[in-house]
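Here is start.cif, consisting of mmCIF, C-alpha atoms:
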data_target
loop_
_atom_site.label_atom_id
_atom_site.label_comp_id
_atom_site.auth_asym_id
_atom_site.auth_seq_id
_atom_site.Cartn_x
_atom_site.Cartn_y
_atom_site.Cartn_z
CA MET D 1 28.33 27.98 -23.97
CA ASP D 2 28.22 29.47 -20.50
CA ASP D 3 24.55 30.34 -20.73
CA ALA D 4 22.62 31.14 -17.56
CA PRO D 5 21.59 27.86 -16.00
CA HIS D 6 17.94 27.07 -15.52
CA ARG D 7 17.08 26.19 -11.95
CA ILE D 8 15.24 23.00 -12.72
CA GLY D 9 16.34 20.47 -10.12
CA ARG D 10 14.84 22.38 -7.24
CA GLY D 11 11.68 23.01 -9.25
CA VAL D 12 11.27 19.29 -9.98
CA PHE D 13 11.89 18.47 -6.31
CA LEU D 14 9.42 21.02 -4.98
CA ALA D 15 6.76 20.33 -7.61
CA THR D 16 6.92 16.59 -6.90
CA LEU D 17 6.70 17.24 -3.19
CA ALA D 18 3.78 19.65 -3.57
CA GLY D 19 2.00 17.34 -5.99
CA GLY D 20 2.42 14.39 -3.65
CA ILE D 21 1.21 16.24 -0.56
CA GLY D 22 -1.65 17.78 -2.55
CA SER D 23 -2.69 14.36 -3.81
CA LEU D 24 -3.71 13.52 -0.25
CA LEU D 25 -6.70 15.77 -0.95
CA TRP D 26 -7.56 14.81 -4.52
CA GLY D 27 -5.78 11.50 -5.17
CA LYS D 28 -8.67 9.17 -4.54
CA ALA D 29 -11.20 11.25 -6.49
CA VAL D 30 -8.87 11.32 -9.49
CA TRP D 31 -8.04 7.64 -9.17
CA ASP D 32 -11.72 6.66 -8.94
CA HIS D 33 -12.38 8.71 -12.06
CA VAL D 34 -9.46 7.18 -13.95
CA SER D 35 -10.27 3.63 -12.93
CA HIS D 36 -13.90 4.21 -13.88
CA THR D 37 -12.87 5.49 -17.30
CA VAL D 38 -10.56 2.60 -17.99
CA SER D 39 -12.69 -0.10 -16.38
CA PRO D 40 -13.67 -1.61 -19.76
CA VAL D 41 -10.02 -2.44 -20.47
CA GLU D 42 -9.14 -3.20 -16.88
CA SER D 43 -10.23 -6.81 -17.24
CA LEU D 44 -7.64 -7.15 -20.01
CA VAL D 45 -4.87 -5.04 -18.52
CA PRO D 46 -5.20 -4.91 -14.75
CA LEU D 47 -4.20 -1.55 -13.30
CA VAL D 48 -3.29 -3.01 -9.94
CA PRO D 49 -2.43 -6.55 -8.85
CA SER D 50 -5.19 -8.92 -7.68
CA GLY D 51 -7.97 -6.53 -8.63
CA GLY D 52 -6.84 -4.10 -5.95
CA TRP D 53 -7.34 -6.44 -3.02
CA ARG D 54 -4.95 -6.39 -0.11
CA ILE D 55 -4.96 -9.10 2.47
CA TYR D 56 -5.09 -7.73 5.98
CA THR D 57 -4.60 -10.07 8.87
CA VAL D 58 -3.98 -9.49 12.54
CA SER D 59 -2.29 -12.69 13.63
CA GLY D 60 0.75 -14.75 12.73
CA SER D 61 -0.89 -17.05 10.23
CA LEU D 62 -4.06 -17.40 8.20
CA PRO D 63 -6.59 -19.96 9.42
CA ARG D 64 -6.81 -23.13 7.36
CA PHE D 65 -10.13 -24.49 6.23
CA ASP D 66 -10.78 -28.19 6.67
CA GLU D 67 -14.12 -29.17 5.20
CA ARG D 68 -14.41 -32.24 7.44
CA THR D 69 -14.07 -30.41 10.71
CA TRP D 70 -15.32 -26.91 9.94
CA ARG D 71 -18.43 -25.72 11.72
CA LEU D 72 -20.35 -22.49 11.86
CA ARG D 73 -21.71 -22.20 15.37
CA VAL D 74 -24.62 -19.93 16.11
CA GLY D 75 -25.19 -19.39 19.81
CA GLY D 76 -25.66 -16.88 22.58
CA HIS D 77 -29.18 -15.59 23.15
CA VAL D 78 -30.91 -18.16 21.00
CA ARG D 79 -33.54 -20.74 21.62
CA GLN D 80 -31.67 -23.41 19.68
CA PRO D 81 -27.88 -23.23 19.28
CA VAL D 82 -26.92 -24.36 15.79
CA SER D 83 -23.77 -25.92 14.40
CA LEU D 84 -23.66 -26.06 10.61
CA SER D 85 -21.21 -28.10 8.58
CA TYR D 86 -19.89 -26.73 5.30
CA ARG D 87 -22.18 -29.08 3.41
CA GLU D 88 -25.20 -27.97 5.44
CA LEU D 89 -24.26 -24.36 4.80
CA LEU D 90 -24.16 -24.94 1.04
CA ALA D 91 -27.57 -26.59 1.23
CA LEU D 92 -29.20 -23.37 2.46
CA PRO D 93 -30.89 -21.11 -0.14
CA LYS D 94 -28.16 -19.45 -2.17
CA ALA D 95 -28.03 -15.71 -2.57
CA GLU D 96 -25.85 -13.74 -4.95
CA GLN D 97 -24.99 -10.09 -5.22
CA VAL D 98 -22.54 -7.70 -6.80
CA SER D 99 -21.26 -5.03 -4.46
CA THR D 100 -18.28 -2.79 -3.89
CA PHE D 101 -15.86 -3.49 -1.09
CA HIS D 102 -14.39 -0.47 0.69
CA CYS D 103 -11.42 -0.59 2.99
CA VAL D 104 -11.15 2.11 5.61
CA THR D 105 -7.54 2.75 4.57
CA GLY D 106 -8.75 4.08 1.21
CA TRP D 107 -8.71 1.26 -1.33
CA SER D 108 -11.84 -0.19 -2.86
CA VAL D 109 -12.66 -3.12 -5.09
CA LYS D 110 -15.59 -2.54 -7.38
CA ASP D 111 -18.19 -5.06 -8.49
CA VAL D 112 -17.24 -8.02 -6.39
CA HIS D 113 -19.51 -10.94 -7.16
CA TRP D 114 -20.47 -12.66 -3.91
CA GLY D 115 -22.32 -15.92 -3.46
CA GLY D 116 -23.54 -17.18 -0.11
CA VAL D 117 -26.45 -17.21 2.26
CA ARG D 118 -28.55 -14.51 3.84
CA LEU D 119 -28.18 -14.17 7.56
CA ARG D 120 -31.87 -14.73 8.21
CA ASP D 121 -31.67 -18.17 6.63
CA VAL D 122 -29.01 -19.10 9.15
CA LEU D 123 -30.63 -17.35 12.10
CA GLU D 124 -34.07 -18.80 11.65
CA HIS D 125 -32.75 -22.20 12.67
CA ALA D 126 -31.34 -20.76 15.87
CA GLN D 127 -34.33 -18.57 16.73
CA PRO D 128 -32.85 -15.52 18.45
CA LEU D 129 -34.42 -14.59 21.78
CA ALA D 130 -36.15 -11.28 22.42
CA GLY D 131 -33.24 -9.77 24.36
CA ALA D 132 -30.75 -10.23 21.53
CA HIS D 133 -30.20 -6.86 19.86
CA ALA D 134 -26.83 -7.50 18.27
CA LEU D 135 -24.75 -10.18 16.61
CA GLU D 136 -21.15 -10.92 17.39
CA PHE D 137 -19.13 -12.40 14.53
CA VAL D 138 -16.22 -14.49 15.69
CA SER D 139 -13.33 -15.20 13.34
CA ALA D 140 -11.18 -18.30 13.39
CA GLU D 141 -8.33 -15.80 13.23
CA LYS D 142 -7.93 -15.06 16.90
CA PRO D 143 -8.61 -12.63 18.46
CA TYR D 144 -10.58 -11.08 15.59
CA VAL D 145 -14.20 -10.36 16.35
CA ASP D 146 -16.73 -7.71 15.40
CA SER D 147 -20.41 -7.07 15.86
CA LEU D 148 -23.46 -5.55 14.20
CA THR D 149 -26.78 -4.50 15.63
CA VAL D 150 -29.73 -6.64 14.55
CA GLU D 151 -30.88 -3.66 12.50
CA GLN D 152 -27.54 -3.36 10.68
CA ALA D 153 -27.38 -7.10 10.13
CA GLY D 154 -30.84 -6.90 8.58
CA LEU D 155 -29.76 -4.61 5.71
CA HIS D 156 -30.83 -6.17 2.43
CA ASP D 157 -27.33 -6.89 1.12
CA VAL D 158 -25.73 -8.32 4.21
CA MET D 159 -24.50 -11.78 3.39
CA LEU D 160 -22.44 -14.68 4.64
CA ALA D 161 -20.36 -15.32 1.55
CA TYR D 162 -18.73 -18.62 0.61
CA GLU D 163 -18.05 -17.65 -3.00
CA MET D 164 -16.21 -14.71 -4.49
CA ASP D 165 -16.23 -13.97 -8.22
CA GLY D 166 -17.58 -17.41 -9.04
CA ARG D 167 -15.12 -19.42 -7.01
CA PRO D 168 -15.13 -20.79 -3.48
CA LEU D 169 -13.84 -18.15 -1.13
CA SER D 170 -10.04 -18.38 -1.04
CA ARG D 171 -8.00 -18.71 2.10
CA ALA D 172 -6.78 -15.14 1.74
CA HIS D 173 -10.34 -13.84 1.65
CA GLY D 174 -11.52 -15.80 4.66
CA ALA D 175 -12.25 -19.36 3.52
CA PRO D 176 -14.71 -20.83 3.77
CA LEU D 177 -17.05 -18.09 4.98
CA ARG D 178 -16.97 -14.36 5.56
CA LEU D 179 -19.41 -11.67 6.45
CA VAL D 180 -20.21 -9.14 3.73
CA ILE D 181 -21.78 -5.82 4.62
CA PRO D 182 -21.05 -3.44 1.70
CA GLU D 183 -22.36 -0.36 3.55
CA MET D 184 -19.56 -0.70 6.06
CA TYR D 185 -15.79 -0.72 5.81
CA GLY D 186 -13.94 -3.98 5.37
CA TYR D 187 -13.02 -4.43 9.00
CA LYS D 188 -16.68 -5.18 9.76
CA ASN D 189 -16.68 -7.85 7.04
CA VAL D 190 -15.26 -10.55 9.31
CA LYS D 191 -13.21 -13.21 7.50
CA TRP D 192 -12.78 -16.89 8.45
CA LEU D 193 -16.14 -16.77 10.16
CA ALA D 194 -16.42 -19.49 12.78
CA GLY D 195 -19.26 -18.36 14.99
CA ILE D 196 -22.15 -15.97 15.40
CA ASN D 197 -23.33 -15.09 18.88
CA LEU D 198 -26.56 -13.29 19.58
CA VAL D 199 -25.81 -10.75 22.29
CA PRO D 200 -27.81 -8.05 24.13
CA ARG D 201 -25.91 -5.17 22.47
CA ALA D 202 -23.10 -4.53 20.00
CA LEU D 203 -19.60 -4.66 21.44
CA ASP D 204 -16.33 -3.19 20.29
CA GLY D 205 -14.60 -5.46 17.80
CA TYR D 206 -10.90 -5.93 17.22
CA TRP D 207 -10.28 -2.61 15.46
CA GLU D 208 -12.82 -0.71 17.51
CA GLN D 209 -10.86 -1.56 20.63
CA LEU D 210 -7.97 0.16 18.86
CA GLY D 211 -10.00 3.29 18.17
CA TYR D 212 -11.98 2.62 14.99
CA ASP D 213 -15.69 3.50 14.85
CA ARG D 214 -18.12 0.76 15.80
CA ASP D 215 -20.57 1.90 13.13
CA ALA D 216 -18.25 1.78 10.15
CA TRP D 217 -20.50 3.36 7.51
CA VAL D 218 -18.62 3.89 4.27
CA GLY D 219 -17.89 7.58 3.74
CA ARG D 220 -19.26 8.76 7.09
CA SER D 221 -17.22 7.20 9.84
CA ASN D 222 -13.63 6.93 10.99
CA GLY D 223 -12.91 10.58 10.28
CA TYR D 224 -14.43 10.60 6.78
CA GLY D 225 -17.40 12.75 5.81
CA ALA D 226 -19.32 14.89 8.25
CA MET A 1 39.68 10.47 -11.30
CA ARG A 2 37.47 11.07 -8.30
CA ARG A 3 33.77 11.39 -9.02
CA PHE A 4 31.86 10.80 -5.77
CA SER A 5 32.91 11.77 -2.27
CA ARG A 6 32.63 9.39 0.63
CA THR A 7 29.54 11.23 1.88
CA GLU A 8 27.85 10.91 -1.50
CA ARG A 9 28.65 7.23 -1.73
CA THR A 10 27.48 6.52 1.80
CA LEU A 11 24.27 8.40 1.13
CA HIS A 12 23.70 6.46 -2.07
CA TRP A 13 24.21 3.03 -0.53
CA ALA A 14 22.33 3.78 2.66
CA ASN A 15 19.46 4.92 0.49
CA ALA A 16 19.71 1.80 -1.68
CA ILE A 17 19.80 -0.64 1.23
CA GLY A 18 16.90 1.08 2.97
CA PHE A 19 14.89 1.17 -0.22
CA PHE A 20 15.31 -2.54 -0.90
CA LEU A 21 14.40 -3.45 2.69
CA LEU A 22 11.27 -1.34 2.42
CA LEU A 23 10.45 -2.68 -1.03
CA ALA A 24 10.73 -6.28 0.14
CA THR A 25 8.66 -5.84 3.29
CA GLY A 26 6.26 -3.50 1.48
CA LEU A 27 5.56 -5.98 -1.31
CA ILE A 28 4.76 -8.66 1.24
CA LEU A 29 2.17 -6.31 2.71
CA TYR A 30 0.88 -5.20 -0.69
CA LEU A 31 0.68 -8.31 -2.86
CA PRO A 32 -1.98 -10.81 -1.78
CA SER A 33 -0.01 -13.81 -3.03
CA LEU A 34 3.04 -12.83 -0.97
CA ALA A 35 0.89 -11.84 2.01
CA VAL A 36 -0.64 -15.32 2.11
CA LEU A 37 2.67 -17.05 1.50
CA VAL A 38 4.51 -15.22 4.26
CA GLY A 39 1.74 -14.52 6.77
CA ARG A 40 2.91 -12.83 9.98
CA ARG A 41 1.47 -9.52 8.87
CA PRO A 42 1.88 -7.72 12.22
CA LEU A 43 5.58 -8.61 12.26
CA ILE A 44 6.13 -7.55 8.63
CA GLN A 45 4.27 -4.33 9.31
CA ASP A 46 6.55 -3.56 12.23
CA LEU A 47 9.61 -4.43 10.16
CA HIS A 48 8.42 -2.20 7.35
CA PHE A 49 7.65 0.71 9.63
CA TRP A 50 10.87 0.55 11.60
CA SER A 51 12.95 0.03 8.44
CA GLY A 52 11.38 3.22 7.16
CA VAL A 53 12.08 5.13 10.34
CA GLY A 54 15.63 3.77 10.41
CA TRP A 55 16.15 4.59 6.73
CA VAL A 56 15.17 8.21 7.14
CA CYS A 57 17.19 8.58 10.35
CA VAL A 58 20.32 7.15 8.72
CA LEU A 59 19.90 9.43 5.71
CA ALA A 60 19.41 12.43 7.99
CA ALA A 61 22.47 11.45 10.04
CA ILE A 62 24.59 11.25 6.88
CA LEU A 63 23.34 14.65 5.74
CA LEU A 64 24.22 16.15 9.12
CA ALA A 65 27.47 14.38 9.85
CA GLY A 66 28.80 14.17 6.29
CA ASP A 67 30.60 16.69 4.16
CA ARG A 68 27.92 19.36 4.20
CA ARG A 69 29.75 21.77 1.94
CA GLY A 70 30.03 18.99 -0.63
CA LEU A 71 26.35 18.20 -0.26
CA ALA A 72 25.44 21.84 -0.80
CA ARG A 73 27.55 21.75 -3.95
CA LEU A 74 25.72 18.60 -5.02
CA ALA A 75 22.37 20.29 -4.45
CA ARG A 76 23.47 23.23 -6.59
CA GLU A 77 24.65 20.85 -9.27
CA VAL A 78 21.34 19.01 -9.28
CA ASP A 79 19.43 22.28 -9.41
CA ARG A 80 21.15 23.81 -12.40
CA PHE A 81 20.43 22.73 -15.94
CA ASP A 82 22.21 24.51 -18.76
CA ARG A 83 21.24 24.49 -22.42
CA ASP A 84 23.19 21.28 -23.07
CA ASP A 85 21.30 19.56 -20.26
CA LEU A 86 17.99 20.47 -21.85
CA ARG A 87 19.29 19.31 -25.25
CA TRP A 88 20.43 16.09 -23.61
CA LEU A 89 16.97 15.48 -22.16
CA LEU A 90 15.44 16.00 -25.60
CA GLY A 91 17.81 13.42 -27.02
CA ARG A 92 19.78 15.97 -29.06
CA ARG A 93 23.47 15.35 -29.47
CA PRO A 94 26.12 16.52 -28.97
CA ALA A 95 25.18 17.70 -25.50
CA PRO A 96 28.28 17.62 -23.32
CA GLN A 97 27.44 16.88 -19.69
CA GLY A 98 28.93 17.82 -16.35
CA ARG A 99 29.77 15.44 -13.51
CA LEU A 100 26.10 14.48 -13.38
CA ASN A 101 24.17 14.25 -16.61
CA ALA A 102 20.69 15.73 -16.86
CA GLY A 103 19.04 12.36 -16.26
CA GLN A 104 21.05 11.80 -13.11
CA LYS A 105 20.08 15.23 -11.85
CA LEU A 106 16.43 14.54 -12.43
CA ASN A 107 16.74 11.14 -10.80
CA THR A 108 18.38 12.71 -7.76
CA ALA A 109 15.75 15.44 -7.42
CA LEU A 110 12.89 12.97 -7.83
CA THR A 111 14.41 10.42 -5.48
CA ALA A 112 14.82 13.05 -2.77
CA ALA A 113 11.21 14.17 -3.17
CA PHE A 114 9.98 10.57 -3.20
CA THR A 115 11.86 9.83 0.01
CA LEU A 116 10.11 12.67 1.81
CA LEU A 117 6.73 11.69 0.37
CA PHE A 118 7.27 8.05 1.37
CA LEU A 119 8.02 9.30 4.86
CA VAL A 120 4.98 11.58 5.08
CA SER A 121 2.52 9.06 3.63
CA GLY A 122 4.03 6.21 5.66
CA LEU A 123 3.71 8.15 8.89
CA LEU A 124 0.14 9.09 7.99
CA LEU A 125 -0.69 5.43 7.40
CA TRP A 126 0.85 4.48 10.71
CA PHE A 127 -0.78 7.23 12.75
CA GLY A 128 -4.03 7.07 10.78
CA GLU A 129 -4.46 3.52 11.99
CA ARG A 130 -4.27 4.87 15.53
CA ASP A 131 -6.11 8.18 15.26
CA THR A 132 -8.66 9.11 12.62
CA ARG A 133 -7.44 12.72 12.52
CA PHE A 134 -4.46 11.46 10.51
CA ARG A 135 -6.61 9.47 8.12
CA PHE A 136 -6.91 10.50 4.48
CA ALA A 137 -8.63 8.35 1.89
CA SER A 138 -5.76 9.02 -0.53
CA THR A 139 -2.79 8.21 1.71
CA VAL A 140 -2.55 4.61 0.64
CA LEU A 141 -2.82 5.64 -3.03
CA LEU A 142 0.04 8.09 -2.62
CA HIS A 143 2.21 5.51 -0.87
CA ASP A 144 1.48 2.86 -3.53
CA GLY A 145 1.85 5.34 -6.38
CA LEU A 146 5.24 6.37 -5.06
CA MET A 147 6.27 2.73 -4.98
CA TYR A 148 5.37 2.32 -8.65
CA ALA A 149 7.08 5.59 -9.63
CA ALA A 150 10.19 4.73 -7.62
CA LEU A 151 10.29 1.27 -9.23
CA VAL A 152 10.25 2.82 -12.69
CA LEU A 153 13.18 5.05 -11.75
CA LEU A 154 14.97 2.13 -10.14
CA VAL A 155 14.61 -0.15 -13.15
CA GLY A 156 16.00 2.54 -15.46
CA HIS A 157 18.77 3.30 -13.00
CA LEU A 158 19.74 -0.35 -12.55
CA TYR A 159 19.73 -0.93 -16.30
CA LEU A 160 22.09 1.97 -16.92
CA ALA A 161 24.28 1.27 -13.91
CA VAL A 162 24.62 -2.49 -14.18
CA ILE A 163 23.70 -3.67 -17.66
CA HIS A 164 24.13 -1.00 -20.34
CA PRO A 165 27.78 -1.41 -21.48
CA ALA A 166 28.40 2.28 -22.23
CA THR A 167 27.33 3.53 -18.81
CA ARG A 168 27.93 0.71 -16.36
CA HIS A 169 31.43 1.95 -15.65
CA ALA A 170 29.65 4.51 -13.46
CA LEU A 171 29.10 1.74 -10.90
CA ARG A 172 32.78 2.01 -10.09
CA GLY A 173 32.37 5.69 -9.30
CA ILE A 174 29.60 5.15 -6.81
CA THR A 175 31.34 2.22 -5.08
CA LEU A 176 35.05 3.13 -5.13
CA GLY A 177 34.65 6.82 -5.82
CA THR A 178 36.85 7.03 -8.89
CA VAL A 179 36.22 6.65 -12.60
CA ASP A 180 38.39 6.25 -15.64
CA GLU A 181 39.49 9.59 -17.11
CA GLU A 182 38.87 8.61 -20.67
CA TRP A 183 35.35 7.41 -19.80
CA ALA A 184 34.70 10.67 -17.96
CA ALA A 185 35.86 12.69 -20.95
CA ARG A 186 33.47 10.80 -23.18
CA HIS A 187 30.38 10.87 -20.94
CA HIS A 188 30.93 13.96 -18.84
CA ALA A 189 32.90 16.25 -21.12
CA LYS A 190 32.11 19.42 -19.21
CA TRP A 191 33.02 18.01 -15.83
CA ARG A 192 35.97 19.83 -14.26
CA PRO A 193 37.01 18.24 -10.96
CA GLU A 194 37.52 20.77 -8.17
#

Written as structure tokens, that's how I'd like the structure from this file.
Amino acid sequence: MDDAPHRIGRGVFLATLAGGIGSLLWGKAVWDHVSHTVSPVESLVPLVPSGGWRIYTVSGSLPRFDERTWRLRVGGHVRQPVSLSYRELLALPKAEQVSTFHCVTGWSVKDVHWGGVRLRDVLEHAQPLAGAHALEFVSAEKPYVDSLTVEQAGLHDVMLAYEMDGRPLSRAHGAPLRLVIPEMYGYKNVKWLAGINLVPRALDGYWEQLGYDRDAWVGRSNGYGA
Amino acid sequence: MRRFSRTERTLHWANAIGFFLLLATGLILYLPSLAVLVGRRPLIQDLHFWSGVGWVCVLAAILLAGDRRGLARLAREVDRFDRDDLRWLLGRRPAPQGRLNAGQKLNTALTAAFTLLFLVSGLLLWFGERDTRFRFASTVLLHDGLMYAALVLLVGHLYLAVIHPATRHALRGITLGTVDEEWAARHHAKWRPE
């Protein structure tokens, strides 16, 4: 009965450690493949809670939306500052799109169904002046702010979204209105949007002041890609 | 009879307390419903990070200041699986076990590896937020995956330690240090106290 023992414990320990460290290089590729393969059943048996969303906030509490008092203010370098109520916002031409949301920390949510308005439909009321080359998006969650150049903001699928997956945008996702720019990481997709200022040039937003890239292109910024 | 030394018990409970602190704060950060309910994300993040740092420091301090010879013996014990251990894992009986059965050895080895991986991925998340050189697209997946894997181990462990009538006597060993001789003879027939 005194057979030579197999040295298994150390093997399990080291293999787990090596596998875990190695997964830093291949984890996401494998996960994307797996979640793509199982996506037909994912609607029945969710792989991760809440579709994979995480709620990132930078202040002590999430802003509350009050339909009676809420306003979207468009100002700065404009001919005509605009203040839209929620009802006026909903009266603008509605746009819808399905796009993938990428967080810079590595998680993504595929096929998010957004409903909202295109930026140009909001901006045309304000009439930006010639010197305005960027837009600053101000969140009701202070001090969150971020900006896009006019060119970036003009990408075809940039949207101010008030609906997500067929329902009014929830408080967690920035009710009642958030910016959506699928080409860029989530931190550019300002939640709880309260104001848009036309400014001469793009400025560093909340995370950019902490070292993130101002141009947050998915897959080629913030240390990813070339 | 004596099953776990003071060092082993301290290590176990320090690990348990740290794990639950991290699980609680981590779930608030991870689950949208809890995140909205609790708010205060920057505070919870700090709590989570410093609990993690504290957890690892306490564990390291116990390893250094505790009975190191005993810990080396424990490591050897966890490493070695004899034929009965392999039979035990395959569900074959009889398969007389030593002080730690094969499942407990695996659990120990995995838990130790998970702790280090939690530490590495947690530090990468923390520093990655401050410097893109530490940023990997898969870090958050590893950290989350570890949480799920550790939860599976924990659920099995809690069931056997607290609920399952045949094994829950082991809880006495890890709290008071001693177990009933007759129980030990039944569950750990090959165990010969030193």

Check: Residues at most 9 Å from Phe19 (chain A), counting only C-alpha atoms, excluding those fewer than 4 positions away in the same chain, as a VMD selection string?
Finding: chain A and resid 14 to 15 23 to 24 51 to 52 55

Next item on the list: Go through the shown structure with the PyMOL selection byres ((chain A and resi 173) around 12) and write out the matching residues as a PyMOL selection string.
Entry: chain A and resi 1-6+8-9+12+99-100+161+167-172+174-181+183-184

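Proximity ranking of D:Asp32, D:Asp157, D:Glu136, D:Asp165 relative to Pro182 (chain D) places D:Asp157 first, based on only C-alpha atoms.
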
I'd like a table as a tab-separated table: residues in chain A with an atom no more than 7 Å from chain D, each row giving the shortest atom pair and its distance in Å to one decimal, all atoms listed in the file counted, sorted by chain and rising residue number.
residue	atom	partner	partner_atom	distance
A:Tyr30	CA	D:Arg54	CA	6.0
A:Leu31	CA	D:Arg54	CA	6.6
A:Pro32	CA	D:Ile55	CA	5.5
A:Ala35	CA	D:Ile55	CA	6.5
A:Val36	CA	D:Ala172	CA	6.2
A:Gly39	CA	D:Ser61	CA	5.0
A:Arg40	CA	D:Gly60	CA	4.0
A:Arg41	CA	D:Thr57	CA	6.1
A:Pro42	CA	D:Val58	CA	6.1
A:Val78	CA	D:Gly9	CA	5.3
A:Asp79	CA	D:Gly9	CA	3.7
A:Arg80	CA	D:Arg7	CA	4.7
A:Phe81	CA	D:His6	CA	5.0
A:Asp82	CA	D:Pro5	CA	4.4
A:Arg83	CA	D:Asp3	CA	6.9
A:Lys105	CA	D:Gly9	CA	6.7
A:Leu106	CA	D:Gly9	CA	6.4
A:Ala109	CA	D:Phe13	CA	5.0
A:Leu110	CA	D:Phe13	CA	5.8
A:Ala113	CA	D:Phe13	CA	5.4
A:Leu117	CA	D:Gly20	CA	6.5
A:Arg130	CA	D:Gly211	CA	6.5
A:Asp131	CA	D:Gly211	CA	6.9
A:Thr132	CA	D:Gly223	CA	5.1
A:Arg133	CA	D:Gly223	CA	6.3
A:Arg135	CA	D:Gly223	CA	6.8
A:Phe136	CA	D:Leu24	CA	6.5
A:Ala137	CA	D:Gly106	CA	4.3
A:Ser138	CA	D:Leu24	CA	5.0
A:Thr139	CA	D:Leu24	CA	5.7
A:Val140	CA	D:Gly106	CA	6.2
A:Leu141	CA	D:Gly27	CA	6.9
A:Leu142	CA	D:Gly20	CA	6.8

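Between CA of Gly116 (chain D) and CA of Gln209 (chain D) lies a distance of 28.9 Å.
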
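What the PyMOL selection byres ((chain D and resi 154) around 12) grabs from this file is Arg118, Leu119, Arg120, Asp121, Leu123, His133, Ala134, Leu135, Leu148, Thr149, Val150, Glu151, Gln152, Ala153, Leu155, His156, Asp157, Val158, Met159, Val180, Ile181 and Glu183 of chain D.
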
Please provide as a PDB file with C-alpha atoms, in the frame of the given file all residues within 9 Å of Phe49 (chain A), with the sequence filter that same-chain residues fewer than 5 positions apart are discarded (counting all atoms listed in the file).
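The resulting out01.pdb:
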ATOM      1  CA  LEU A  22      11.270  -1.340   2.420  1.00  0.00           C
ATOM      2  CA  ILE A  44       6.130  -7.550   8.630  1.00  0.00           C
ATOM      3  CA  GLY A  54      15.630   3.770  10.410  1.00  0.00           C
ATOM      4  CA  GLY A 122       4.030   6.210   5.660  1.00  0.00           C
ATOM      5  CA  LEU A 123       3.710   8.150   8.890  1.00  0.00           C
ATOM      6  CA  TRP A 126       0.850   4.480  10.710  1.00  0.00           C
TER       7      TRP A 126
END

Box centre and edge lengths (Å, one decimal), axis-aligned, region 6-17 of chain A plus 8 Å each side, as lines of an AutoDock Vina configuration file:
center_x = 26.0
center_y = 5.3
center_z = 0.3
size_x = 29.2
size_y = 27.9
size_z = 20.7

Note to self: Quick one: residues within 12 Å of Leu90 (chain D), all atoms listed in the file, excluding same-chain residues fewer than 6 positions away - as a ChimeraX atom specification?
What the structure shows: /D:67,72,84,115-118,121-122,160-163,168,176-177

Next item on the list: State, in Å with one decimal place, the distance from CA of Glu88 (chain D) to CA of Pro143 (chain D).
Entry: 26.1 Å

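Between CA of Arg214 (chain D) and CA of Leu125 (chain A) lies a distance of 19.9 Å.
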
Notebook entry, point to check: Of the residues D:Tyr86, D:Trp114, D:Tyr206, D:Trp70, which is the one nearest to Ser147 (chain D), using all atoms listed in the file?
Noted result: D:Tyr206

Notebook entry, point to check: Counting all atoms listed in the file, what is within 9 Å of His113 (chain D), bar same-chain residues fewer than 6 positions away, as a list in words?
Noted result: Glu96, Gln97, Val98, Ser99, Thr100, Glu163, Met164, Asp165 and Gly166 of chain D

What would the file look like if the residues just selected were written as a PDB file, keeping the file's coordinate frame with C-alpha atoms?
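The resulting part.pdb:
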ATOM      1  CA  GLU D  96     -25.850 -13.740  -4.950  1.00  0.00           C
ATOM      2  CA  GLN D  97     -24.990 -10.090  -5.220  1.00  0.00           C
ATOM      3  CA  VAL D  98     -22.540  -7.700  -6.800  1.00  0.00           C
ATOM      4  CA  SER D  99     -21.260  -5.030  -4.460  1.00  0.00           C
ATOM      5  CA  THR D 100     -18.280  -2.790  -3.890  1.00  0.00           C
ATOM      6  CA  GLU D 163     -18.050 -17.650  -3.000  1.00  0.00           C
ATOM      7  CA  MET D 164     -16.210 -14.710  -4.490  1.00  0.00           C
ATOM      8  CA  ASP D 165     -16.230 -13.970  -8.220  1.00  0.00           C
ATOM      9  CA  GLY D 166     -17.580 -17.410  -9.040  1.00  0.00           C
TER      10      GLY D 166
END

Margin query: List as a list of chain:residue names the protein and nucleic acid residues near Ala126 (chain D), meaning an atom at most 10 Å away when only C-alpha atoms are counted, but skip any in the same chain fewer than 3 places from it.
Written below: D:Arg73, D:Val74, D:Gly75, D:Gly76, D:His77, D:Val78, D:Arg79, D:Gln80, D:Pro81, D:Val82, D:Ser83, D:Arg120, D:Asp121, D:Val122, D:Leu123, D:Leu129, D:Leu198

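Here the PyMOL selection byres ((chain A and resi 153) around 12) catches exactly these residues: Gly103, Gln104, Leu106, Asn107, Thr108, Ala109, Leu110, Thr111, Phe114, Leu146, Met147, Tyr148, Ala149, Ala150, Leu151, Val152, Leu154, Val155, Gly156, His157, Leu158, Tyr159, Leu160 and Ala161 of chain A.
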
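Nearest residue to Ser33 (chain A) among D:Val109, D:Ser170, D:Lys142, D:Pro93 is D:Ser170, counting only C-alpha atoms.
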